[in-house]
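Before any comments, here is the structure.
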Amino acid sequence: MKILIVEDEQHIADGLRFNLEADGYDAEIAHEGETALEMLDSSTYDAIVLDVMLPGIDGFTVAKTLREKKDFTPILMLTARSRPEDVLKGFEAGTDDYLPKPFDLEIFVARLKGLLRRQEWSRERSGSSQRASTFELNGKTIDFDNLELISGDGVIQLTLMEMKLLRFLIENEGQTVSRKTILEDVWNLQEDTDTRAIDNFIVRLRKYLEDDPANPKFVRTVRGVGYKFVTE
Ligand code: CA
């Protein structure tokens with residue numbers, strides 16, 4: 001397994017690499033966003049550890065650029081603790097998980113391992129292995145484990161956070177869920193975050209699922225409250 005560490009602070013980058021190598025991973029370091037994108041163009045990595053604040057282009061831009069290029073290498077974003085809006089911005093850019101700085105190095109390695117075993121994400125909340133691994137909707141198959149939406153038109157790769165939200169909506173079918181509940185239960189964000197950030201995710205889910213995203217049948221808005229998933 002080869003990991004790319006994108007971090008401009010040398011001592012942090014070295015510490016991360018040291019811990020990954022001690023765990024048997026190969027690790028390479030990029031100190032700038034541009035360098036990271038070049039390395040990702042010329043080589044394949046199993047995961048990316050991505051700091052937000054970088055000289056030149058920032059971590060959000062790196063993530064967005066990759067996803068636009070259909071590169072879905074899992075991304076663990078490193079954020080400043082005090083900024084939940086960074087976390088949401090990171091999810092929107094296509095990152096899969098985040099770790100607030102400063103963090104414990106053992107937790108870092110554990111989170112990265114979790115990201116590398118993507119299929120385990122679906123069991124993390126309930127601890128149950130009996131949850132469905134697929135869901136059929138509108139002629140499409142949602143494959144929770146592989147983060148894929150399969151239809152006659154092809155396969156769309158969802159980010160981990162998109163899939164977490166979609167699964168949450170499906171599991172609460174017929175019930176209205178508030179934006180605050182989504183922030184807390186799906187993304188573990190307790191602080192006062194701008195809950196409208198969720199709306200961008202909903203727009204994307206509708207684009208994936210609905211025949212007419214402007215007039216959604218499945219992912220409905222409950223005005224002033226939140227959203228409701230219905231199948232009929
Ligand atoms: Ca930095």
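How things are named: the first chain in the structure tokens is A, the next is B, and so on; residues count from 1 in each chain; ligands count from 1 in the order shown.
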Wanna dump the chain A-ligand 1 contacts at 12 Å for me, each residue with its shortest atom pair and the distance in Å to one decimal, counting only C-alpha atoms and all ligand atoms, ordered by chain and number, as CSV?
```
residue,atom,partner,partner_atom_place_in_ligand_line,distance
A:Ile5,CA,ligand 1,1 (Ca),11.5
A:Val6,CA,ligand 1,1 (Ca),8.7
A:Glu7,CA,ligand 1,1 (Ca),5.7
A:Asp8,CA,ligand 1,1 (Ca),5.1
A:Glu9,CA,ligand 1,1 (Ca),5.9
A:Gln10,CA,ligand 1,1 (Ca),9.5
A:His11,CA,ligand 1,1 (Ca),11.0
A:Ile12,CA,ligand 1,1 (Ca),9.1
A:Ala13,CA,ligand 1,1 (Ca),9.8
A:Ala30,CA,ligand 1,1 (Ca),11.4
A:His31,CA,ligand 1,1 (Ca),8.7
A:Glu32,CA,ligand 1,1 (Ca),9.2
A:Gly33,CA,ligand 1,1 (Ca),10.5
A:Val49,CA,ligand 1,1 (Ca),11.8
A:Leu50,CA,ligand 1,1 (Ca),9.2
A:Asp51,CA,ligand 1,1 (Ca),5.7
A:Val52,CA,ligand 1,1 (Ca),6.3
A:Met53,CA,ligand 1,1 (Ca),4.2
A:Leu54,CA,ligand 1,1 (Ca),4.8
A:Pro55,CA,ligand 1,1 (Ca),7.7
A:Gly56,CA,ligand 1,1 (Ca),10.9
A:Ile57,CA,ligand 1,1 (Ca),11.3
A:Asp58,CA,ligand 1,1 (Ca),8.9
A:Gly59,CA,ligand 1,1 (Ca),9.0
A:Met77,CA,ligand 1,1 (Ca),11.2
A:Leu78,CA,ligand 1,1 (Ca),8.7
A:Thr79,CA,ligand 1,1 (Ca),9.0
A:Ala80,CA,ligand 1,1 (Ca),9.4
A:Lys101,CA,ligand 1,1 (Ca),10.2
A:Pro102,CA,ligand 1,1 (Ca),11.7
```
Kindly save the residues from that selection, with C-alpha atoms included, as a CSV table (one decimal), in the first residue's frame.
```csv
chain,number,residue,atom,x,y,z
A,5,ILE,CA,1.1,12.7,2.3
A,6,VAL,CA,0.4,16.3,1.3
A,7,GLU,CA,1.6,18.5,4.1
A,8,ASP,CA,3.8,21.6,4.0
A,9,GLU,CA,5.0,21.3,7.6
A,10,GLN,CA,8.1,19.1,7.4
A,11,HIS,CA,8.0,17.8,11.0
A,12,ILE,CA,4.3,16.8,10.6
A,13,ALA,CA,4.9,15.2,7.3
A,30,ALA,CA,4.4,16.4,-1.3
A,31,HIS,CA,4.9,19.8,0.3
A,32,GLU,CA,2.7,21.7,-2.1
A,33,GLY,CA,-0.6,21.1,-3.9
A,49,VAL,CA,-3.5,12.4,3.4
A,50,LEU,CA,-4.3,16.0,2.5
A,51,ASP,CA,-3.7,19.1,4.6
A,52,VAL,CA,-6.0,22.0,3.9
A,53,MET,CA,-3.6,24.9,4.3
A,54,LEU,CA,-0.9,24.6,1.8
A,55,PRO,CA,1.3,27.1,-0.1
A,56,GLY,CA,-0.1,27.7,-3.6
A,57,ILE,CA,-3.3,25.8,-4.2
A,58,ASP,CA,-5.0,24.5,-1.1
A,59,GLY,CA,-6.2,21.1,-0.1
A,77,MET,CA,-8.2,15.5,5.0
A,78,LEU,CA,-6.4,17.2,7.9
A,79,THR,CA,-8.3,20.2,9.2
A,80,ALA,CA,-8.0,22.8,11.9
A,101,LYS,CA,-5.5,18.9,14.0
A,102,PRO,CA,-3.8,18.2,16.4
```
Close residues, range 204-210 of chain A itself excluded, 12 Å, only C-alpha atoms, min 4 positions apart in chain, as a VMD selection string: chain A and resid 92 94 135 to 142 148 to 151 153 to 159 161 to 167 169 to 170 197 to 200 214 to 221 227 229 to 231
Strand (DSSP E) positions in chain A, given as a ChimeraX atom specification: /A:2-6,26-30,47-51,75-80,97-101,134-137,140-143,148-151,154-157,176-178,219-222,226-229
List every residue of range 82-158 of chain A that has an atom at most 10 Å from any atom of range 171-190 of chain A, giving for each one its closest atom pair and the distance in Å to one decimal, counting only C-alpha atoms, sorted by chain and then by ascending residue number, as a tab-separated table.
```
residue	atom	partner	partner_atom	distance
A:Pro84	CA	A:Leu189	CA	6.9
A:Glu85	CA	A:Leu189	CA	9.6
A:Val87	CA	A:Leu189	CA	8.7
A:Leu88	CA	A:Trp187	CA	8.9
A:Phe91	CA	A:Trp187	CA	9.6
A:Asp97	CA	A:Trp187	CA	9.2
A:Tyr98	CA	A:Trp187	CA	9.9
A:Arg125	CA	A:Val186	CA	9.1
A:Arg131	CA	A:Glu171	CA	9.8
```
Next, the residues of the selection above should be written as an mmCIF file, in the first residue's frame with N, CA and C atoms.
```cif
data_model
loop_
_atom_site.group_PDB
_atom_site.id
_atom_site.type_symbol
_atom_site.label_atom_id
_atom_site.label_comp_id
_atom_site.auth_asym_id
_atom_site.auth_seq_id
_atom_site.Cartn_x
_atom_site.Cartn_y
_atom_site.Cartn_z
ATOM 1 N N PRO A 84 -15.445 23.739 11.575
ATOM 2 C CA PRO A 84 -16.300 22.719 10.965
ATOM 3 C C PRO A 84 -16.682 23.043 9.526
ATOM 4 N N GLU A 85 -16.693 24.336 9.193
ATOM 5 C CA GLU A 85 -17.042 24.681 7.811
ATOM 6 C C GLU A 85 -15.989 24.158 6.836
ATOM 7 N N VAL A 87 -14.578 21.285 7.184
ATOM 8 C CA VAL A 87 -14.903 19.870 7.005
ATOM 9 C C VAL A 87 -15.947 19.718 5.901
ATOM 10 N N LEU A 88 -16.976 20.558 5.978
ATOM 11 C CA LEU A 88 -18.026 20.478 4.974
ATOM 12 C C LEU A 88 -17.508 20.864 3.592
ATOM 13 N N PHE A 91 -15.766 17.907 2.280
ATOM 14 C CA PHE A 91 -16.681 16.876 1.784
ATOM 15 C C PHE A 91 -17.212 17.262 0.408
ATOM 16 N N ASP A 97 -12.912 11.507 4.398
ATOM 17 C CA ASP A 97 -12.937 11.557 5.858
ATOM 18 C C ASP A 97 -12.004 12.683 6.293
ATOM 19 N N TYR A 98 -12.087 13.033 7.560
ATOM 20 C CA TYR A 98 -11.238 14.127 8.026
ATOM 21 C C TYR A 98 -10.742 13.842 9.424
ATOM 22 N N ARG A 125 -21.566 2.557 11.995
ATOM 23 C CA ARG A 125 -22.495 3.230 12.893
ATOM 24 C C ARG A 125 -23.325 2.252 13.712
ATOM 25 N N ARG A 131 -26.855 -5.141 7.761
ATOM 26 C CA ARG A 131 -27.450 -4.099 6.951
ATOM 27 C C ARG A 131 -27.338 -4.476 5.484
#
```
Nearest residue to Ala63 in chain A from the set A:Leu147, A:Leu20, A:Val225, A:Ala47 (distances using only C-alpha atoms):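 Among the listed residues, A:Ala47 lies closest to Ala63 in chain A.
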Filtered DSSP result for range 10-227 of chain A, state alpha helix (DSSP H), as a VMD selection string: chain A and resid 10 to 22 33 to 42 59 to 68 84 to 93 105 to 116 160 to 171 179 to 181 197 to 209
Point-to-point distance in Å for CA of Lys89 in chain A and CA of Ile29 in chain A: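 Between CA of Ile29 in chain A and CA of Lys89 in chain A the gap works out to 23.4 Å.
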d(CA of Ala93 in chain A, CA of Arg17 in chain A) in Å: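 CA of Ala93 in chain A sits 24.5 Å away from CA of Arg17 in chain A.
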